[in-house]
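What follows is protein-v5.tsv (TSV, C-alpha atoms).
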```
chain	number	residue	atom	x	y	z
A	8	MET	CA	47.17	-11.14	74.13
A	9	ASN	CA	46.50	-7.58	75.13
A	10	GLU	CA	47.01	-5.78	71.84
A	11	GLN	CA	46.51	-2.36	73.38
A	12	GLN	CA	49.73	-2.77	75.36
A	13	THR	CA	51.91	-4.54	72.81
A	14	ASP	CA	50.94	-3.14	69.44
A	15	PRO	CA	53.30	-0.82	67.57
A	16	LEU	CA	52.56	2.80	68.35
A	17	PRO	CA	53.49	5.34	65.70
A	18	ASP	CA	54.28	8.81	66.95
A	19	PHE	CA	51.09	10.80	66.49
A	20	ALA	CA	52.06	13.43	69.04
A	21	VAL	CA	52.82	15.95	66.32
A	22	LEU	CA	49.14	16.00	65.37
A	23	SER	CA	48.12	17.42	68.72
A	24	GLN	CA	49.69	20.74	67.71
A	25	VAL	CA	47.38	21.10	64.70
A	26	ARG	CA	44.62	23.62	65.28
A	27	ALA	CA	41.56	24.38	63.20
A	28	PRO	CA	41.72	27.68	61.29
A	29	ALA	CA	40.31	30.71	63.07
A	30	SER	CA	37.63	31.08	60.39
A	31	LEU	CA	36.34	27.59	61.15
A	32	HIS	CA	36.27	28.31	64.89
A	33	ALA	CA	34.32	31.49	64.18
A	34	SER	CA	31.82	29.70	61.96
A	35	ILE	CA	31.20	26.94	64.50
A	36	GLU	CA	30.86	29.38	67.36
A	37	HIS	CA	28.30	31.31	65.40
A	38	LEU	CA	26.40	28.13	64.59
A	39	ILE	CA	26.39	27.19	68.25
A	40	ASP	CA	25.23	30.64	69.35
A	41	ALA	CA	22.50	30.73	66.73
A	42	HIS	CA	21.12	27.31	67.61
A	43	GLY	CA	21.66	27.64	71.35
A	44	ALA	CA	19.58	30.80	71.41
A	45	ALA	CA	16.84	29.51	69.11
A	46	PRO	CA	13.45	28.90	70.70
A	47	ARG	CA	11.95	25.41	70.62
A	48	ARG	CA	10.06	24.67	67.45
A	49	SER	CA	7.37	22.23	66.61
A	50	PRO	CA	8.52	19.37	64.35
A	51	ARG	CA	6.69	20.89	61.41
A	52	ARG	CA	8.22	24.30	61.88
A	53	ARG	CA	11.59	22.70	62.51
A	54	LEU	CA	11.43	21.03	59.09
A	55	ARG	CA	10.81	24.37	57.51
A	56	PHE	CA	13.72	25.74	59.50
A	57	VAL	CA	16.07	23.12	58.12
A	58	ALA	CA	14.75	23.52	54.58
A	59	ALA	CA	15.40	27.22	54.39
A	60	PRO	CA	19.00	27.88	55.43
A	61	ALA	CA	19.35	30.68	52.90
A	62	LEU	CA	16.55	32.62	54.57
A	63	LEU	CA	18.22	32.16	57.92
A	64	ILE	CA	21.50	33.47	56.64
A	65	ALA	CA	19.79	36.42	55.02
A	66	GLY	CA	18.04	37.19	58.29
A	67	ALA	CA	21.25	36.98	60.26
A	68	LEU	CA	23.03	39.28	57.87
A	69	ALA	CA	20.12	41.70	57.94
A	70	LEU	CA	20.32	41.68	61.73
A	71	VAL	CA	24.00	42.53	61.58
A	72	LEU	CA	23.20	45.43	59.31
A	73	ALA	CA	20.43	46.64	61.57
A	74	LEU	CA	22.67	46.47	64.61
A	75	SER	CA	25.44	48.37	62.89
A	76	GLY	CA	23.64	51.62	63.42
A	77	GLY	CA	21.26	51.97	60.52
A	78	SER	CA	23.80	53.89	58.47
A	79	THR	CA	23.48	53.57	54.71
A	80	ALA	CA	27.24	53.87	54.16
A	81	PRO	CA	28.20	51.28	51.58
A	82	THR	CA	30.40	48.60	53.08
A	83	VAL	CA	31.33	45.09	52.08
A	84	PRO	CA	29.26	43.44	54.86
A	85	ARG	CA	26.19	45.42	53.74
A	86	ALA	CA	26.76	44.49	50.12
A	87	ALA	CA	27.36	40.85	51.11
A	88	ALA	CA	23.87	40.72	52.58
A	89	PHE	CA	22.42	40.86	49.06
A	90	ALA	CA	24.26	37.68	48.16
A	91	THR	CA	22.07	35.74	50.57
A	92	ARG	CA	18.70	37.08	49.39
A	93	PRO	CA	16.47	35.50	46.75
A	94	ALA	CA	17.03	35.99	43.04
A	95	THR	CA	14.59	38.31	41.29
A	96	SER	CA	15.28	37.53	37.64
A	97	ALA	CA	16.45	34.71	35.41
A	98	SER	CA	20.02	33.52	35.08
A	99	PRO	CA	22.26	34.99	32.40
A	100	ALA	CA	23.51	32.62	29.72
A	101	GLU	CA	27.06	31.53	29.10
A	102	ASN	CA	29.01	33.83	26.78
A	103	PRO	CA	29.34	31.90	23.49
A	104	ARG	CA	32.51	33.83	22.67
A	105	ASP	CA	34.20	33.25	26.00
A	106	HIS	CA	33.26	30.08	27.83
A	107	ASP	CA	34.78	31.35	31.06
A	108	GLU	CA	32.19	34.13	31.32
A	109	LEU	CA	28.47	34.79	31.44
A	110	LEU	CA	26.60	37.28	29.27
A	111	SER	CA	26.28	39.58	32.23
A	112	SER	CA	28.67	42.22	33.48
A	113	VAL	CA	28.93	45.39	35.55
A	114	ASP	CA	30.93	48.26	34.00
A	115	GLY	CA	32.69	45.70	31.79
A	116	VAL	CA	33.49	43.29	34.62
A	117	ALA	CA	31.92	40.00	33.58
A	118	TYR	CA	30.58	37.29	35.86
A	119	PRO	CA	32.34	33.94	35.61
A	120	TYR	CA	30.87	30.79	34.13
A	121	TRP	CA	31.27	27.91	36.58
A	122	GLY	CA	28.81	25.60	34.86
A	123	GLU	CA	27.84	22.07	35.68
A	124	GLN	CA	30.50	20.30	33.66
A	125	ARG	CA	33.33	22.48	34.79
A	126	LEU	CA	33.24	23.48	38.42
A	127	GLY	CA	29.82	22.22	39.32
A	128	TRP	CA	28.23	25.62	40.05
A	129	ARG	CA	25.34	26.41	37.71
A	130	THR	CA	23.76	29.87	37.62
A	131	ALA	CA	20.62	30.27	39.70
A	132	GLY	CA	19.27	33.75	39.06
A	133	VAL	CA	20.17	37.40	39.47
A	134	ARG	CA	19.12	40.33	41.63
A	135	THR	CA	20.04	44.00	41.63
A	136	ASP	CA	20.08	46.30	44.66
A	137	THR	CA	21.28	49.77	45.46
A	138	LEU	CA	23.56	50.65	48.32
A	139	GLY	CA	24.68	54.19	49.04
A	140	GLY	CA	24.58	55.22	45.38
A	141	HIS	CA	26.17	52.00	44.15
A	142	MET	CA	24.36	49.35	42.12
A	143	VAL	CA	25.07	45.89	43.51
A	144	THR	CA	24.32	43.16	40.99
A	145	THR	CA	24.41	39.63	42.30
A	146	VAL	CA	24.50	36.45	40.25
A	147	PHE	CA	23.63	33.33	42.21
A	148	TYR	CA	25.20	29.93	41.70
A	149	ALA	CA	24.08	26.57	43.07
A	150	ASN	CA	25.72	23.17	43.10
A	151	SER	CA	24.39	19.63	43.12
A	152	ARG	CA	24.33	19.64	46.93
A	153	ALA	CA	21.83	22.50	46.86
A	154	GLN	CA	24.40	24.88	48.27
A	155	ARG	CA	24.01	28.43	47.02
A	156	ILE	CA	26.47	31.28	46.78
A	157	GLY	CA	26.10	34.84	45.54
A	158	TYR	CA	28.65	36.72	43.46
A	159	SER	CA	28.14	40.47	43.73
A	160	ILE	CA	29.86	43.17	41.72
A	161	VAL	CA	29.53	46.74	42.99
A	162	SER	CA	29.30	49.52	40.43
A	163	GLY	CA	31.39	52.66	40.68
A	164	SER	CA	34.44	53.17	42.82
A	165	PRO	CA	35.53	50.30	45.07
A	166	LEU	CA	34.13	50.05	48.58
A	167	PRO	CA	36.47	50.65	51.54
A	168	ALA	CA	38.73	47.69	52.30
A	169	PRO	CA	36.77	45.57	54.75
A	170	GLY	CA	39.59	44.24	56.91
A	171	GLY	CA	39.34	40.63	57.97
A	172	ARG	CA	42.04	38.15	57.12
A	173	VAL	CA	43.93	38.96	53.97
A	174	TRP	CA	45.45	36.60	51.39
A	175	ASN	CA	47.62	37.83	48.58
A	176	TRP	CA	47.46	35.84	45.39
A	177	SER	CA	48.71	36.92	41.97
A	178	GLY	CA	48.83	40.51	43.12
A	179	VAL	CA	45.25	40.54	44.39
A	180	ARG	CA	44.27	41.01	48.03
A	181	TYR	CA	41.42	38.74	49.12
A	182	HIS	CA	39.68	39.75	52.34
A	183	LEU	CA	38.04	36.90	54.19
A	184	LEU	CA	35.30	38.00	56.59
A	185	ASN	CA	32.82	36.21	58.71
A	186	VAL	CA	29.53	38.08	58.66
A	187	ALA	CA	27.03	36.56	61.09
A	188	GLY	CA	28.58	33.14	60.56
A	189	THR	CA	28.59	33.36	56.78
A	190	PRO	CA	31.98	33.34	55.07
A	191	VAL	CA	32.47	36.30	52.76
A	192	VAL	CA	35.37	36.93	50.39
A	193	ALA	CA	35.88	40.40	48.93
A	194	TRP	CA	38.43	41.55	46.39
A	195	GLU	CA	38.80	43.95	43.48
A	196	ARG	CA	38.57	43.29	39.75
A	197	GLN	CA	39.28	46.14	37.37
A	198	GLY	CA	38.62	48.69	40.09
A	199	HIS	CA	35.35	47.18	41.24
A	200	THR	CA	34.56	45.45	44.49
A	201	CYS	CA	33.58	41.82	44.02
A	202	ILE	CA	32.02	39.78	46.79
A	203	LEU	CA	31.40	36.05	47.11
A	204	ALA	CA	29.26	34.89	50.02
A	205	GLY	CA	27.30	31.81	50.97
A	206	ALA	CA	26.95	28.90	53.34
A	207	VAL	CA	30.00	27.02	52.11
A	208	SER	CA	33.49	26.90	53.51
A	209	ALA	CA	35.82	29.85	53.24
A	210	HIS	CA	38.12	27.57	51.30
A	211	THR	CA	35.51	27.01	48.61
A	212	LEU	CA	34.88	30.74	48.25
A	213	LEU	CA	38.57	31.56	48.08
A	214	ARG	CA	39.20	28.85	45.53
A	215	LEU	CA	36.45	30.16	43.27
A	216	ALA	CA	37.45	33.80	43.74
A	217	ALA	CA	41.06	33.03	42.89
A	218	ARG	CA	40.02	31.61	39.52
A	219	GLU	CA	38.92	35.07	38.46
A	220	THR	CA	42.28	36.76	38.72
B	478	MET	CA	20.16	9.68	78.79
B	479	SER	CA	21.19	13.32	78.73
B	480	ARG	CA	20.67	16.22	76.42
B	481	LEU	CA	23.55	17.44	74.28
B	482	ASP	CA	24.53	20.95	75.32
B	483	PRO	CA	25.38	22.98	72.17
B	484	GLN	CA	27.44	25.46	74.19
B	485	SER	CA	29.90	22.75	75.21
B	486	LEU	CA	30.68	21.67	71.67
B	487	ALA	CA	33.10	24.46	70.74
B	488	GLN	CA	35.86	22.83	72.79
B	489	HIS	CA	35.95	19.91	70.35
B	490	VAL	CA	36.53	21.84	67.13
B	491	ASP	CA	40.31	21.32	67.01
B	492	ARG	CA	40.04	17.64	67.76
B	493	LEU	CA	37.29	17.12	65.18
B	494	TYR	CA	39.32	19.07	62.64
B	495	ARG	CA	42.32	16.78	63.14
B	496	ALA	CA	40.09	13.76	62.82
B	497	ALA	CA	38.47	15.13	59.67
B	498	TRP	CA	41.87	15.88	58.15
B	499	ALA	CA	43.06	12.35	58.91
B	500	LEU	CA	39.90	10.87	57.38
B	501	SER	CA	39.83	13.01	54.25
B	502	GLY	CA	43.55	13.59	53.73
B	503	SER	CA	42.95	17.27	53.03
B	504	PRO	CA	42.87	20.23	55.43
B	505	HIS	CA	40.34	21.97	53.21
B	506	ASP	CA	38.00	19.03	52.95
B	507	ALA	CA	38.40	18.79	56.72
B	508	GLU	CA	37.00	22.31	57.12
B	509	ASP	CA	33.94	21.40	55.07
B	510	LEU	CA	33.52	18.16	56.96
B	511	VAL	CA	33.67	19.74	60.41
B	512	GLN	CA	31.31	22.54	59.42
B	513	GLU	CA	28.81	20.06	58.02
B	514	THR	CA	29.13	17.85	61.10
B	515	PHE	CA	28.32	20.69	63.47
B	516	ALA	CA	25.49	21.89	61.22
B	517	ARG	CA	23.93	18.43	61.37
B	518	VAL	CA	24.34	18.08	65.11
B	519	LEU	CA	22.95	21.53	65.82
B	520	ALA	CA	20.01	21.25	63.42
B	521	ARG	CA	17.84	19.90	66.23
B	522	PRO	CA	18.10	19.01	69.93
B	523	ARG	CA	20.06	15.79	70.48
B	524	MET	CA	19.95	13.22	73.22
B	525	LEU	CA	23.06	11.32	74.29
B	526	HIS	CA	22.18	7.69	74.90
B	527	GLY	CA	24.92	6.94	77.38
B	528	GLN	CA	27.49	8.37	75.01
B	529	ASP	CA	30.08	10.96	75.74
B	530	GLU	CA	29.54	14.06	73.55
B	531	LEU	CA	32.91	13.62	71.85
B	532	ALA	CA	32.02	10.04	70.92
B	533	TYR	CA	28.71	11.32	69.60
B	534	LEU	CA	30.44	13.98	67.49
B	535	THR	CA	32.86	11.36	66.18
B	536	ARG	CA	29.95	9.22	65.10
B	537	VAL	CA	28.32	12.10	63.24
B	538	LEU	CA	31.67	13.02	61.69
B	539	ARG	CA	32.08	9.47	60.44
B	540	ASN	CA	28.56	9.40	58.99
B	541	THR	CA	29.05	12.79	57.34
B	542	PHE	CA	32.38	11.72	55.91
B	543	LEU	CA	30.91	8.55	54.40
B	544	THR	CA	27.90	10.43	53.00
B	545	GLN	CA	30.05	13.17	51.46
B	546	ARG	CA	32.36	10.61	49.91
B	547	ARG	CA	29.46	8.71	48.36
B	548	THR	CA	28.04	11.96	46.99
B	549	ALA	CA	31.42	13.05	45.65
B	550	SER	CA	31.90	9.74	43.84
B	551	ARG	CA	28.75	10.46	41.82
B	552	ARG	CA	29.90	13.92	40.78
B	553	PRO	CA	32.30	14.68	37.95
B	554	VAL	CA	35.80	15.47	39.08
B	555	ILE	CA	36.40	19.21	39.12
B	556	SER	CA	39.62	21.06	38.82
B	557	ALA	CA	40.41	24.36	40.41
B	558	THR	CA	43.30	26.45	41.55
B	559	PRO	CA	45.09	24.44	44.21
B	560	LEU	CA	44.45	26.40	47.35
B	561	GLU	CA	47.67	25.09	48.83
B	562	GLU	CA	49.30	27.73	46.64
B	563	LEU	CA	46.97	30.41	47.90
B	564	GLU	CA	46.69	29.71	51.55
B	565	PRO	CA	48.63	27.59	54.00
B	566	ALA	CA	46.36	25.03	55.65
B	567	ASP	CA	47.26	26.42	59.01
B	568	PRO	CA	48.69	29.94	58.66
B	569	ARG	CA	50.51	29.48	61.95
B	570	ALA	CA	52.42	26.62	60.30
B	571	GLN	CA	54.48	29.23	58.46
B	572	ASP	CA	56.33	29.77	61.71
B	573	ARG	CA	57.17	26.08	62.14
B	574	PRO	CA	57.46	24.47	58.74
B	575	GLU	CA	59.17	21.27	59.94
B	576	GLN	CA	56.34	20.50	62.31
B	577	ALA	CA	53.78	21.27	59.61
B	578	LEU	CA	55.52	18.88	57.24
B	579	ALA	CA	55.64	16.18	59.89
B	580	SER	CA	51.95	16.49	60.68
B	581	GLN	CA	51.08	16.56	56.98
B	582	GLU	CA	53.00	13.31	56.49
B	583	VAL	CA	51.21	11.64	59.38
B	584	PHE	CA	47.82	12.80	58.07
B	585	ASP	CA	48.70	11.49	54.60
B	586	VAL	CA	49.66	8.11	56.02
B	587	ILE	CA	46.47	7.79	58.05
B	588	ALA	CA	44.32	8.92	55.12
B	589	SER	CA	45.83	6.17	53.00
B	590	LEU	CA	44.90	3.36	55.38
B	591	PRO	CA	42.04	1.07	54.45
B	592	GLU	CA	38.79	2.68	55.50
B	593	ASN	CA	37.93	0.48	58.45
B	594	TYR	CA	41.43	0.74	59.86
B	595	ARG	CA	41.44	4.49	59.29
B	596	LEU	CA	38.15	5.06	61.06
B	597	ALA	CA	39.26	3.00	64.05
B	598	LEU	CA	42.66	4.66	64.28
B	599	VAL	CA	41.18	8.15	64.00
B	600	ALA	CA	38.61	7.43	66.72
B	601	VAL	CA	41.22	6.08	69.15
B	602	ASP	CA	44.50	7.80	68.38
B	603	VAL	CA	43.40	11.12	66.90
B	604	VAL	CA	40.15	11.83	68.74
B	605	GLY	CA	41.26	9.99	71.87
B	606	LEU	CA	38.28	7.74	72.51
B	607	SER	CA	38.59	4.53	74.48
B	608	TYR	CA	38.08	1.27	72.60
B	609	ARG	CA	34.61	1.02	74.12
B	610	GLU	CA	33.66	4.56	73.06
B	611	ALA	CA	35.12	4.03	69.61
B	612	ALA	CA	33.14	0.82	69.22
B	613	SER	CA	29.98	2.70	70.11
B	614	ALA	CA	30.79	5.59	67.76
B	615	LEU	CA	31.61	3.31	64.85
B	616	LYS	CA	28.81	0.83	65.54
B	617	THR	CA	31.00	-2.22	65.90
B	618	ARG	CA	32.38	-4.50	68.60
B	619	GLU	CA	35.16	-3.49	70.97
B	620	ALA	CA	37.28	-6.47	69.94
B	621	THR	CA	36.95	-5.43	66.30
B	622	ILE	CA	38.13	-1.94	67.16
B	623	ALA	CA	41.14	-3.36	69.02
B	624	THR	CA	42.11	-5.49	66.04
B	625	ARG	CA	41.64	-2.66	63.53
B	626	VAL	CA	43.61	-0.20	65.63
B	627	PHE	CA	46.41	-2.76	65.99
B	628	ARG	CA	46.57	-3.33	62.24
B	629	ALA	CA	46.28	0.36	61.48
B	630	ARG	CA	49.10	1.31	63.85
B	631	GLU	CA	51.20	-1.45	62.38
B	632	GLN	CA	50.75	-0.17	58.84
B	633	ALA	CA	51.12	3.47	59.85
B	634	ALA	CA	54.31	2.79	61.80
B	635	ARG	CA	55.84	0.98	58.87
B	636	ALA	CA	54.87	3.74	56.46
B	637	LEU	CA	56.21	6.50	58.68
B	638	LYS	CA	59.42	4.65	59.37
B	639	GLY	CA	59.87	3.55	55.76
B	640	PRO	CA	61.46	0.33	54.59
B	641	PRO	CA	65.26	0.07	54.62
B	642	PRO	CA	66.50	0.83	51.12
B	643	SER	CA	67.81	-2.35	49.52
B	644	ALA	CA	71.20	-2.24	47.84
B	645	GLY	CA	69.90	-2.56	44.32
B	646	ALA	CA	66.64	-0.70	44.61
B	647	PRO	CA	66.49	2.69	42.94
B	648	GLN	CA	65.58	5.41	45.40
B	649	SER	CA	62.51	6.40	43.35
B	650	LEU	CA	60.90	3.04	44.09
B	651	ILE	CA	60.99	3.60	47.82
B	652	GLY	CA	58.27	6.22	47.56
B	653	THR	CA	56.38	8.04	50.23
B	654	GLY	CA	54.41	6.64	53.10
B	655	ARG	CA	51.25	7.16	51.11
B	656	SER	CA	52.31	4.95	48.22
B	657	ARG	CA	53.72	2.28	50.48
B	658	LEU	CA	50.43	1.88	52.21
B	659	ARG	CA	48.59	1.07	49.04
B	660	GLY	CA	50.13	-2.39	48.86
B	661	GLU	CA	47.90	-4.16	51.33
B	662	SER	CA	49.23	-7.56	50.34
B	663	VAL	CA	52.55	-6.80	52.02
B	664	GLN	CA	53.02	-9.06	55.01
B	665	VAL	CA	53.88	-7.18	58.16
B	666	LYS	CA	55.60	-8.92	61.03
B	667	ALA	CA	54.54	-8.08	64.52
B	668	PRO	CA	57.27	-6.20	66.35
```

Would you mind giving the structure from this file in structure tokens?
Amino acid sequence: MNEQQTDPLPDFAVLSQVRAPASLHASIEHLIDAHGAAPRRSPRRRLRFVAAPALLIAGALALVLALSGGSTAPTVPRAAAFATRPATSASPAENPRDHDELLSSVDGVAYPYWGEQRLGWRTAGVRTDTLGGHMVTTVFYANSRAQRIGYSIVSGSPLPAPGGRVWNWSGVRYHLLNVAGTPVVAWERQGHTCILAGAVSAHTLLRLAARET
Amino acid sequence: MSRLDPQSLAQHVDRLYRAAWALSGSPHDAEDLVQETFARVLARPRMLHGQDELAYLTRVLRNTFLTQRRTASRRPVISATPLEELEPADPRAQDRPEQALASQEVFDVIASLPENYRLALVAVDVVGLSYREAASALKTREATIATRVFRAREQAARALKGPPPSAGAPQSLIGTGRSRLRGESVQVKAP
């Protein structure tokens, strides 16, 4: 019996209309461009290359900043670059009075606690940078898959709206950007620009960001 | 043997995304899965051993899916804001809600199939591989693929069509395609 000709065939035609989100296309195209242009590496160097994705992302973001004219004007893409750099100090502890927060804040805006037993993102250090007169404090989080994201809060007045795709949720506008292949979500909390960035899907970033509103 | 050309891979993103959605049952998990698949493939130069590049990508997608699922089963279940409330899976679907619902139902049905059937159906009917290519991608025999695809289509067709409601059966027991597919002991007659 030729099953291919006689078996029941459900109508799957509707699936052919489904397209991947634009953000996914952009991420893949960036991955392809980055790897297609990369020079050949020795196996040893290649191992190092695979083991240090965070450095790669930081480099790519730094390149974007360098190519954007060398201006020091504070923008969300510039601030997002800090979220991909190494931590420089130890992680803040969980707030014993509020288990949704850490004992770290910027102008009263606290960083969230997404610890191991709750969302699976433990804190992984902090760094502080300056950008055009603003202090940008970034708390890093890592999960069990060794993925790392940075949550930056910018001191002072909010940075200019960065554009990108916008989602409205509970009265908050989330801007989803793709900066050198790295998904970045920016929004405002209590008049401060907050930025989540890292080598995870845009969906993951949006889901985490939306918990803070 | 030929070398995989990274620049030619972008054309497969939509197809891989549909396959990932059908495997995982979630458009958001599908995004993660496709991104991870491409990251793996692009991490180093790849040689195609007589395989078409789409079949090769399907194989990596399958391996990534199985690895991620094993890893996820060892992690505690997390809860978070359902993104479905925040963002439509495909923002363009807002313009054609009926079609979006239909495709969601088909993805749900496929995602509920037994794993071997699901993998075979996705490779052949969603990605569009031949039985031979699917057998190569899934590391099994062509005859096995043919049998699994037959069974998978049979179950999917029944789930999408739905059983005729019996006179005495409450409507709530009829359920969705997803729940109907869980009863693998149901005997299905060949059409």

Using all atoms listed in the file, which residues sit within 12 Å of Leu615 in chain B once same-chain residues fewer than 2 positions away are excluded, as a PyMOL selection string?
-> chain B and resi 532-540+543+592-601+606-613+617-619+621-622+625

Extract, using all atoms listed in the file, all DNA, RNA and protein residues at most 10 Å from range 133-143 of chain A, discarding same-chain residues fewer than 4 positions from it, and format them as a PyMOL selection string.
-> chain A and resi 78-82+85-87+89-90+92-99+111+113+147-148+157-166+200-202

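Closest approach to Gly198 in chain A among A:Pro28, A:Ile39, A:Pro84, A:Val179 is made by A:Val179 (distances from all atoms listed in the file).
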
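Residues surrounding Ser479 in chain B within 9 Å are Arg523, Met524, Leu525, His526, Gly527 and Gln528 of chain B [all atoms listed in the file; sequence separation below 4 positions excluded].
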
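For the pair CA of Ile156 in chain A and CA of Ala204 in chain A, the interatomic distance is 5.6 Å.
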
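Nearest residue to Arg635 in chain B among B:Lys616, B:Leu531, B:Arg495, B:Leu590 is B:Leu590, counting only C-alpha atoms.
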
Selected residue of minimal separation from chain B among A:Val116, A:Leu184, A:Leu203, A:Ala209, counting only C-alpha atoms = A:Ala209

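Considering only C-alpha atoms, the residue among A:Arg152, A:His106, A:His210, A:Arg172 positioned nearest to Trp121 in chain A is A:His106.
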
Write out as a VMD selection string the residues lying within 8 Å of Val25 in chain A, counting all atoms listed in the file and excluding same-chain residues fewer than 4 positions away.
-> (chain A and resid 21) or (chain B and resid 491 495 567 580)

Please write as a PyMOL selection string the list of polymer residues whose atoms come within 12 Å of (44.9, 5.2, 57.9), counting all atoms listed in the file and keeping to the coordinates of the file.
-> (chain A and resi 17+19) or (chain B and resi 496-502+582-603+625-637+654-655+657-659+661)

As AutoDock Vina command-line options, please: the centre and edge lengths in Å, to one decimal, of an axis-aligned box enclosing every listed atom of range 584-595 of chain B with 5 Å added on each side.
```
--center_x 43.8 --center_y 6.6 --center_z 56.4 --size_x 21.7 --size_y 22.3 --size_z 16.9
```

With distances taken over only C-alpha atoms, which of B:Gln581, B:Asp529, B:Arg547, B:Thr541 is nearest to chain A?
-> B:Gln581

CA of Gly127 in chain A and CA of Glu101 in chain A, how far apart in Å?
-> 14.1 Å
